[in-house]
Each structure stands twice: as C-alpha cells, then as structure tokens.
$ cat start-v2.pdb   # PDB, N, CA and C atoms
ATOM      1  N   MET S  11     171.964 159.469 109.387
ATOM      2  CA  MET S  11     171.471 158.634 110.454
ATOM      3  C   MET S  11     170.246 157.897 109.944
ATOM      4  N   GLY S  12     169.822 156.965 110.680
ATOM      5  CA  GLY S  12     168.650 156.194 110.299
ATOM      6  C   GLY S  12     168.064 155.557 111.538
ATOM      7  N   PRO S  13     167.126 154.666 111.329
ATOM      8  CA  PRO S  13     166.569 153.990 112.503
ATOM      9  C   PRO S  13     167.663 153.196 113.224
ATOM     10  N   PHE S  14     167.486 153.042 114.514
ATOM     11  CA  PHE S  14     168.486 152.352 115.327
ATOM     12  C   PHE S  14     168.643 150.903 114.882
ATOM     13  N   SER S  15     169.888 150.457 114.808
ATOM     14  CA  SER S  15     170.201 149.072 114.458
ATOM     15  C   SER S  15     171.484 148.673 115.181
ATOM     16  N   VAL S  16     171.393 147.627 115.974
ATOM     17  CA  VAL S  16     172.582 147.136 116.675
ATOM     18  C   VAL S  16     173.638 146.719 115.659
ATOM     19  N   ASP S  17     173.210 146.082 114.575
ATOM     20  CA  ASP S  17     174.174 145.658 113.551
ATOM     21  C   ASP S  17     174.895 146.854 112.939
ATOM     22  N   ARG S  18     174.156 147.916 112.655
ATOM     23  CA  ARG S  18     174.775 149.117 112.067
ATOM     24  C   ARG S  18     175.733 149.761 113.068
ATOM     25  N   GLN S  19     175.362 149.788 114.330
ATOM     26  CA  GLN S  19     176.241 150.355 115.351
ATOM     27  C   GLN S  19     177.514 149.518 115.480
ATOM     28  N   ARG S  20     177.374 148.204 115.403
ATOM     29  CA  ARG S  20     178.539 147.320 115.452
ATOM     30  C   ARG S  20     179.460 147.603 114.265
ATOM     31  N   GLN S  21     178.880 147.801 113.083
ATOM     32  CA  GLN S  21     179.674 148.123 111.899
ATOM     33  C   GLN S  21     180.423 149.441 112.087
ATOM     34  N   ARG S  22     179.743 150.432 112.642
ATOM     35  CA  ARG S  22     180.385 151.722 112.881
ATOM     36  C   ARG S  22     181.577 151.567 113.812
ATOM     37  N   LYS S  23     181.380 150.832 114.901
ATOM     38  CA  LYS S  23     182.455 150.623 115.877
ATOM     39  C   LYS S  23     183.626 149.888 115.237
ATOM     40  N   GLN S  24     183.351 148.846 114.482
ATOM     41  CA  GLN S  24     184.416 148.073 113.832
ATOM     42  C   GLN S  24     185.172 148.924 112.813
ATOM     43  N   THR S  25     184.460 149.772 112.092
ATOM     44  CA  THR S  25     185.117 150.653 111.124
ATOM     45  C   THR S  25     186.081 151.597 111.828
ATOM     46  N   LEU S  26     185.650 152.174 112.935
ATOM     47  CA  LEU S  26     186.517 153.082 113.686
ATOM     48  C   LEU S  26     187.729 152.347 114.251
ATOM     49  N   GLU S  27     187.523 151.124 114.723
ATOM     50  CA  GLU S  27     188.639 150.346 115.249
ATOM     51  C   GLU S  27     189.632 149.984 114.137
ATOM     52  N   ARG S  28     189.132 149.683 112.942
ATOM     53  CA  ARG S  28     190.021 149.414 111.808
ATOM     54  C   ARG S  28     190.830 150.658 111.448
ATOM     55  N   LEU S  29     190.172 151.808 111.469
ATOM     56  CA  LEU S  29     190.898 153.047 111.179
ATOM     57  C   LEU S  29     192.014 153.266 112.194
ATOM     58  N   ALA S  30     191.739 152.974 113.451
ATOM     59  CA  ALA S  30     192.746 153.160 114.504
ATOM     60  C   ALA S  30     193.923 152.217 114.328
ATOM     61  N   ALA S  31     193.696 151.093 113.677
ATOM     62  CA  ALA S  31     194.756 150.097 113.496
ATOM     63  C   ALA S  31     195.542 150.302 112.196
ATOM     64  N   THR S  32     195.275 151.383 111.499
ATOM     65  CA  THR S  32     195.968 151.663 110.242
ATOM     66  C   THR S  32     197.474 151.784 110.490
ATOM     67  N   PRO S  33     198.271 151.044 109.704
ATOM     68  CA  PRO S  33     199.728 151.141 109.875
ATOM     69  C   PRO S  33     200.216 152.582 109.630
ATOM     70  N   ASN S  34     201.238 152.954 110.337
ATOM     71  CA  ASN S  34     201.878 154.273 110.206
ATOM     72  C   ASN S  34     200.965 155.430 110.615
ATOM     73  N   LEU S  35     199.901 155.133 111.323
ATOM     74  CA  LEU S  35     199.008 156.187 111.804
ATOM     75  C   LEU S  35     199.595 156.789 113.079
ATOM     76  N   ALA S  36     199.574 158.097 113.152
ATOM     77  CA  ALA S  36     200.082 158.765 114.358
ATOM     78  C   ALA S  36     199.294 158.275 115.584
ATOM     79  N   PRO S  37     199.982 158.009 116.673
ATOM     80  CA  PRO S  37     199.304 157.509 117.878
ATOM     81  C   PRO S  37     198.184 158.428 118.360
ATOM     82  N   GLU S  38     198.373 159.736 118.195
ATOM     83  CA  GLU S  38     197.343 160.675 118.634
ATOM     84  C   GLU S  38     196.057 160.474 117.822
ATOM     85  N   VAL S  39     196.213 160.231 116.543
ATOM     86  CA  VAL S  39     195.050 160.029 115.669
ATOM     87  C   VAL S  39     194.390 158.693 115.986
ATOM     88  N   ALA S  40     195.190 157.674 116.220
ATOM     89  CA  ALA S  40     194.647 156.365 116.587
ATOM     90  C   ALA S  40     193.819 156.478 117.864
ATOM     91  N   ARG S  41     194.293 157.258 118.823
ATOM     92  CA  ARG S  41     193.535 157.454 120.067
ATOM     93  C   ARG S  41     192.199 158.131 119.802
ATOM     94  N   ILE S  42     192.171 159.065 118.867
ATOM     95  CA  ILE S  42     190.915 159.736 118.513
ATOM     96  C   ILE S  42     189.928 158.719 117.961
ATOM     97  N   TRP S  43     190.387 157.880 117.009
ATOM     98  CA  TRP S  43     189.489 156.875 116.418
ATOM     99  C   TRP S  43     188.998 155.906 117.485
ATOM    100  N   LEU S  44     189.882 155.489 118.393
ATOM    101  CA  LEU S  44     189.472 154.558 119.449
ATOM    102  C   LEU S  44     188.494 155.196 120.421
ATOM    103  N   ARG S  45     188.705 156.477 120.729
ATOM    104  CA  ARG S  45     187.765 157.170 121.605
ATOM    105  C   ARG S  45     186.386 157.222 120.957
ATOM    106  N   LEU S  46     186.354 157.539 119.677
ATOM    107  CA  LEU S  46     185.073 157.573 118.968
ATOM    108  C   LEU S  46     184.422 156.189 118.934
ATOM    109  N   ALA S  47     185.233 155.154 118.744
ATOM    110  CA  ALA S  47     184.696 153.788 118.747
ATOM    111  C   ALA S  47     184.082 153.457 120.104
ATOM    112  N   ASP S  48     184.728 153.897 121.168
ATOM    113  CA  ASP S  48     184.211 153.645 122.519
ATOM    114  C   ASP S  48     182.906 154.385 122.786
ATOM    115  N   GLU S  49     182.669 155.461 122.042
ATOM    116  CA  GLU S  49     181.465 156.262 122.268
ATOM    117  C   GLU S  49     180.260 155.806 121.443
ATOM    118  N   VAL S  50     180.448 154.810 120.587
ATOM    119  CA  VAL S  50     179.313 154.276 119.828
ATOM    120  C   VAL S  50     178.365 153.618 120.822
ATOM    121  N   THR S  51     177.090 153.976 120.742
ATOM    122  CA  THR S  51     176.127 153.441 121.694
ATOM    123  C   THR S  51     175.355 152.271 121.105
ATOM    124  N   PHE S  52     175.060 151.320 121.962
ATOM    125  CA  PHE S  52     174.248 150.174 121.570
ATOM    126  C   PHE S  52     172.892 150.224 122.270
ATOM    127  N   ASP S  53     172.570 151.378 122.822
ATOM    128  CA  ASP S  53     171.306 151.594 123.520
ATOM    129  C   ASP S  53     170.421 152.495 122.653
ATOM    130  N   GLU S  54     169.254 151.997 122.269
ATOM    131  CA  GLU S  54     168.399 152.751 121.349
ATOM    132  C   GLU S  54     167.950 154.091 121.923
ATOM    133  N   GLU S  55     167.644 154.131 123.200
ATOM    134  CA  GLU S  55     167.202 155.388 123.809
ATOM    135  C   GLU S  55     168.306 156.448 123.753
ATOM    136  N   GLU S  56     169.511 156.054 124.092
ATOM    137  CA  GLU S  56     170.633 157.000 124.031
ATOM    138  C   GLU S  56     170.895 157.426 122.585
ATOM    139  N   TYR S  57     170.827 156.481 121.657
ATOM    140  CA  TYR S  57     171.011 156.782 120.229
ATOM    141  C   TYR S  57     170.008 157.843 119.782
ATOM    142  N   ASN S  58     168.736 157.633 120.115
ATOM    143  CA  ASN S  58     167.698 158.583 119.710
ATOM    144  C   ASN S  58     167.905 159.948 120.353
ATOM    145  N   GLN S  59     168.342 159.972 121.601
ATOM    146  CA  GLN S  59     168.597 161.250 122.266
ATOM    147  C   GLN S  59     169.756 161.981 121.597
ATOM    148  N   ARG S  60     170.770 161.273 121.172
ATOM    149  CA  ARG S  60     171.889 161.904 120.465
ATOM    150  C   ARG S  60     171.418 162.514 119.150
ATOM    151  N   ILE S  61     170.505 161.838 118.463
ATOM    152  CA  ILE S  61     169.965 162.371 117.209
ATOM    153  C   ILE S  61     169.215 163.668 117.484
ATOM    154  N   VAL S  62     168.378 163.659 118.514
ATOM    155  CA  VAL S  62     167.627 164.864 118.878
ATOM    156  C   VAL S  62     168.591 165.994 119.208
ATOM    157  N   ASN S  63     169.603 165.716 120.010
ATOM    158  CA  ASN S  63     170.567 166.750 120.397
ATOM    159  C   ASN S  63     171.333 167.291 119.195
ATOM    160  N   THR S  64     171.630 166.433 118.251
ATOM    161  CA  THR S  64     172.391 166.847 117.073
ATOM    162  C   THR S  64     171.578 167.731 116.146
ATOM    163  N   TYR S  65     170.320 167.393 115.952
ATOM    164  CA  TYR S  65     169.520 168.063 114.927
ATOM    165  C   TYR S  65     168.476 169.043 115.461
ATOM    166  N   ARG S  66     168.388 169.260 116.759
ATOM    167  CA  ARG S  66     167.309 170.101 117.292
ATOM    168  C   ARG S  66     167.389 171.559 116.837
ATOM    169  N   ASP S  67     168.576 172.063 116.564
ATOM    170  CA  ASP S  67     168.710 173.464 116.156
ATOM    171  C   ASP S  67     168.791 173.648 114.641
ATOM    172  N   VAL S  68     168.612 172.573 113.900
ATOM    173  CA  VAL S  68     168.672 172.641 112.448
ATOM    174  C   VAL S  68     167.261 172.882 111.925
ATOM    175  N   SER S  69     167.082 173.985 111.177
ATOM    176  CA  SER S  69     165.756 174.283 110.665
ATOM    177  C   SER S  69     165.465 173.393 109.454
ATOM    178  N   SER S  70     164.215 173.059 109.263
ATOM    179  CA  SER S  70     163.819 172.162 108.180
ATOM    180  C   SER S  70     164.064 172.781 106.802
ATOM    181  N   ASP S  71     164.122 174.112 106.717
ATOM    182  CA  ASP S  71     164.330 174.734 105.401
ATOM    183  C   ASP S  71     165.755 174.505 104.886
ATOM    184  N   ARG S  72     166.664 174.026 105.736
ATOM    185  CA  ARG S  72     168.030 173.721 105.272
ATOM    186  C   ARG S  72     168.043 172.483 104.375
ATOM    187  N   PHE S  73     166.983 171.673 104.449
ATOM    188  CA  PHE S  73     166.949 170.436 103.681
ATOM    189  C   PHE S  73     166.165 170.564 102.390
ATOM    190  N   PHE S  74     165.508 171.679 102.193
ATOM    191  CA  PHE S  74     164.652 171.829 100.998
ATOM    192  C   PHE S  74     165.062 173.004 100.161
TER     193      PHE S  74
END
$ encode --input "start-v2.pdb" --output "structure tokens"
Amino acid sequence: MGPFSVDRQRQRKQTLERLAATPNLAPEVARIWLRLADEVTFDEEEYNQRIVNTYRDVSSDRFF
C-alpha cells in the first residue's frame, strides 16, 4: 500500500476488470474479480481506514 492516489485506485480497478474479462475464465472467477473491482474505493478517508483495519494487529517486529 502507499499514500492514497485516485490514479492508482483507477489502475487497480481497471486491472481487476481486465482480469474479469479474460477469455475462457470461469464465470464464478470473473464475478470474484468484478466484485473486487467494485470494492475499490476512491475516497481517501475510507482507503486510510481500510489500511488501519488491515494492519492494526500486525506487530512491527514482523517487518524487521
């Protein structure tokens, strides 16, 4: 993760949508990619809260 960027979020969403459009992809998998694409946030406050929720239980000694 990194600092919030609308451009980066747009890239993430487009990448997920491209994955969903992969030929011969099972429909169930395509739905997963599309659901994830729909969940990409373009709101900085929500983005930051998701980061906090994701990493709040990770101790700093795991990175060193």
$ resolve_selection --input "start-v2.pdb" --expression "the PyMOL selection byres ((chain S and resi 25-32) around 8)" --output "compact mmCIF listing (two decimals) with N, CA and C atoms, in the coordinates of the input"
# COMPACT_ATOMS: atom_id res chain seq x y z
N GLN S 19 175.36 149.79 114.33
CA GLN S 19 176.24 150.35 115.35
C GLN S 19 177.51 149.52 115.48
N ARG S 20 177.37 148.20 115.40
CA ARG S 20 178.54 147.32 115.45
C ARG S 20 179.46 147.60 114.26
N GLN S 21 178.88 147.80 113.08
CA GLN S 21 179.67 148.12 111.90
C GLN S 21 180.42 149.44 112.09
N ARG S 22 179.74 150.43 112.64
CA ARG S 22 180.38 151.72 112.88
C ARG S 22 181.58 151.57 113.81
N LYS S 23 181.38 150.83 114.90
CA LYS S 23 182.46 150.62 115.88
C LYS S 23 183.63 149.89 115.24
N GLN S 24 183.35 148.85 114.48
CA GLN S 24 184.42 148.07 113.83
C GLN S 24 185.17 148.92 112.81
N PRO S 33 198.27 151.04 109.70
CA PRO S 33 199.73 151.14 109.88
C PRO S 33 200.22 152.58 109.63
N ASN S 34 201.24 152.95 110.34
CA ASN S 34 201.88 154.27 110.21
C ASN S 34 200.96 155.43 110.62
N LEU S 35 199.90 155.13 111.32
CA LEU S 35 199.01 156.19 111.80
C LEU S 35 199.60 156.79 113.08
N ALA S 36 199.57 158.10 113.15
CA ALA S 36 200.08 158.76 114.36
C ALA S 36 199.29 158.28 115.58
N VAL S 39 196.21 160.23 116.54
CA VAL S 39 195.05 160.03 115.67
C VAL S 39 194.39 158.69 115.99
N ALA S 40 195.19 157.67 116.22
CA ALA S 40 194.65 156.36 116.59
C ALA S 40 193.82 156.48 117.86
N ARG S 41 194.29 157.26 118.82
CA ARG S 41 193.54 157.45 120.07
C ARG S 41 192.20 158.13 119.80
N ILE S 42 192.17 159.06 118.87
CA ILE S 42 190.92 159.74 118.51
C ILE S 42 189.93 158.72 117.96
N TRP S 43 190.39 157.88 117.01
CA TRP S 43 189.49 156.88 116.42
C TRP S 43 189.00 155.91 117.48
N LEU S 44 189.88 155.49 118.39
CA LEU S 44 189.47 154.56 119.45
C LEU S 44 188.49 155.20 120.42
N ARG S 45 188.70 156.48 120.73
CA ARG S 45 187.76 157.17 121.60
C ARG S 45 186.39 157.22 120.96
N LEU S 46 186.35 157.54 119.68
CA LEU S 46 185.07 157.57 118.97
C LEU S 46 184.42 156.19 118.93
N ALA S 47 185.23 155.15 118.74
CA ALA S 47 184.70 153.79 118.75
C ALA S 47 184.08 153.46 120.10
N ASP S 48 184.73 153.90 121.17
CA ASP S 48 184.21 153.65 122.52
C ASP S 48 182.91 154.38 122.79
$ axis_aligned_box --input "start-v2.pdb" --around "stretch 25-44 of chain S" --padding-each-side "5 Å" --output "lines of an AutoDock Vina configuration file"
center_x = 193.2
center_y = 155.0
center_z = 115.0
size_x = 27.4
size_y = 21.3
size_z = 20.8
$ atom_distance --input "start-v2.pdb" --atom1 "atom C of S:Asp17" --atom2 "atom CA of S:Thr51"
11.0 Å
$ atom_distance --input "start-v2.pdb" --atom1 "atom CA of S:Asp53" --atom2 "atom CA of S:Tyr65"
18.7 Å
$ atom_distance --input "start-v2.pdb" --atom1 "atom CA of S:Ser69" --atom2 "atom CA of S:Ser15"
25.9 Å
$ select_by_dssp --input "start-v2.pdb" --residues "chain S" --states "alpha helix (DSSP H)" --output "MDAnalysis selection string"
chainID S and resid 16:30 37:48 54:65
$ residues_around --input "start-v2.pdb" --residues "S:Asn58" --least-positions-apart "4" --cutoff "8 Å" --atoms "only C-alpha atoms" --output "MDAnalysis selection string"
chainID S and resid 14 54 62
$ decode --input "start-v2.pdb" --residues "chain S" --atoms "C-alpha atoms" --output "CSV table (one decimal), in the first residue's frame"
chain,number,residue,atom,x,y,z
S,11,MET,CA,0.0,0.0,0.0
S,12,GLY,CA,1.1,3.6,-0.2
S,13,PRO,CA,-0.3,7.0,0.0
S,14,PHE,CA,-3.8,7.5,-1.4
S,15,SER,CA,-3.9,8.2,-5.2
S,16,VAL,CA,-7.0,8.3,-7.3
S,17,ASP,CA,-4.9,7.4,-10.3
S,18,ARG,CA,-3.5,4.3,-8.5
S,19,GLN,CA,-7.0,3.3,-7.4
S,20,ARG,CA,-8.3,3.7,-11.0
S,21,GLN,CA,-5.4,1.5,-12.2
S,22,ARG,CA,-6.3,-1.2,-9.6
S,23,LYS,CA,-9.9,-1.2,-10.7
S,24,GLN,CA,-9.0,-1.4,-14.4
S,25,THR,CA,-6.6,-4.3,-13.7
S,26,LEU,CA,-9.3,-6.2,-11.9
S,27,GLU,CA,-11.8,-5.5,-14.7
S,28,ARG,CA,-9.3,-6.8,-17.3
S,29,LEU,CA,-8.8,-9.9,-15.3
S,30,ALA,CA,-12.6,-10.5,-15.2
S,31,ALA,CA,-12.7,-10.2,-19.0
S,32,THR,CA,-10.0,-12.9,-19.6
S,33,PRO,CA,-11.2,-15.3,-22.3
S,34,ASN,CA,-12.1,-18.8,-21.1
S,35,LEU,CA,-12.3,-17.6,-17.4
S,36,ALA,CA,-14.9,-19.4,-15.3
S,37,PRO,CA,-17.9,-17.2,-14.7
S,38,GLU,CA,-17.6,-17.7,-11.0
S,39,VAL,CA,-14.0,-16.4,-11.0
S,40,ALA,CA,-15.0,-13.4,-13.3
S,41,ARG,CA,-17.6,-12.5,-10.7
S,42,ILE,CA,-15.0,-12.5,-7.9
S,43,TRP,CA,-12.7,-10.1,-9.9
S,44,LEU,CA,-15.7,-7.9,-10.7
S,45,ARG,CA,-16.8,-7.8,-7.1
S,46,LEU,CA,-13.3,-6.8,-6.0
S,47,ALA,CA,-13.2,-4.1,-8.7
S,48,ASP,CA,-16.5,-2.7,-7.3
S,49,GLU,CA,-15.0,-2.6,-3.9
S,50,VAL,CA,-12.0,-0.4,-4.9
S,51,THR,CA,-12.5,2.9,-3.0
S,52,PHE,CA,-11.9,6.4,-4.4
S,53,ASP,CA,-12.5,8.0,-1.0
S,54,GLU,CA,-9.2,8.8,0.8
S,55,GLU,CA,-10.8,8.5,4.3
S,56,GLU,CA,-12.2,5.1,3.6
S,57,TYR,CA,-8.9,4.0,2.0
S,58,ASN,CA,-7.0,5.0,5.1
S,59,GLN,CA,-9.5,3.3,7.4
S,60,ARG,CA,-9.1,0.1,5.4
S,61,ILE,CA,-5.3,0.3,5.8
S,62,VAL,CA,-5.7,0.7,9.6
S,63,ASN,CA,-8.1,-2.2,9.8
S,64,THR,CA,-5.8,-4.4,7.7
S,65,TYR,CA,-2.6,-3.7,9.6
S,66,ARG,CA,-3.7,-2.9,13.2
S,67,ASP,CA,-2.9,-6.4,14.5
S,68,VAL,CA,0.4,-6.7,12.7
S,69,SER,CA,3.3,-6.2,15.1
S,70,SER,CA,6.2,-4.0,13.9
S,71,ASP,CA,8.7,-6.8,14.6
S,72,ARG,CA,7.3,-8.8,11.7
S,73,PHE,CA,8.9,-6.2,9.3
S,74,PHE,CA,12.4,-6.2,10.9
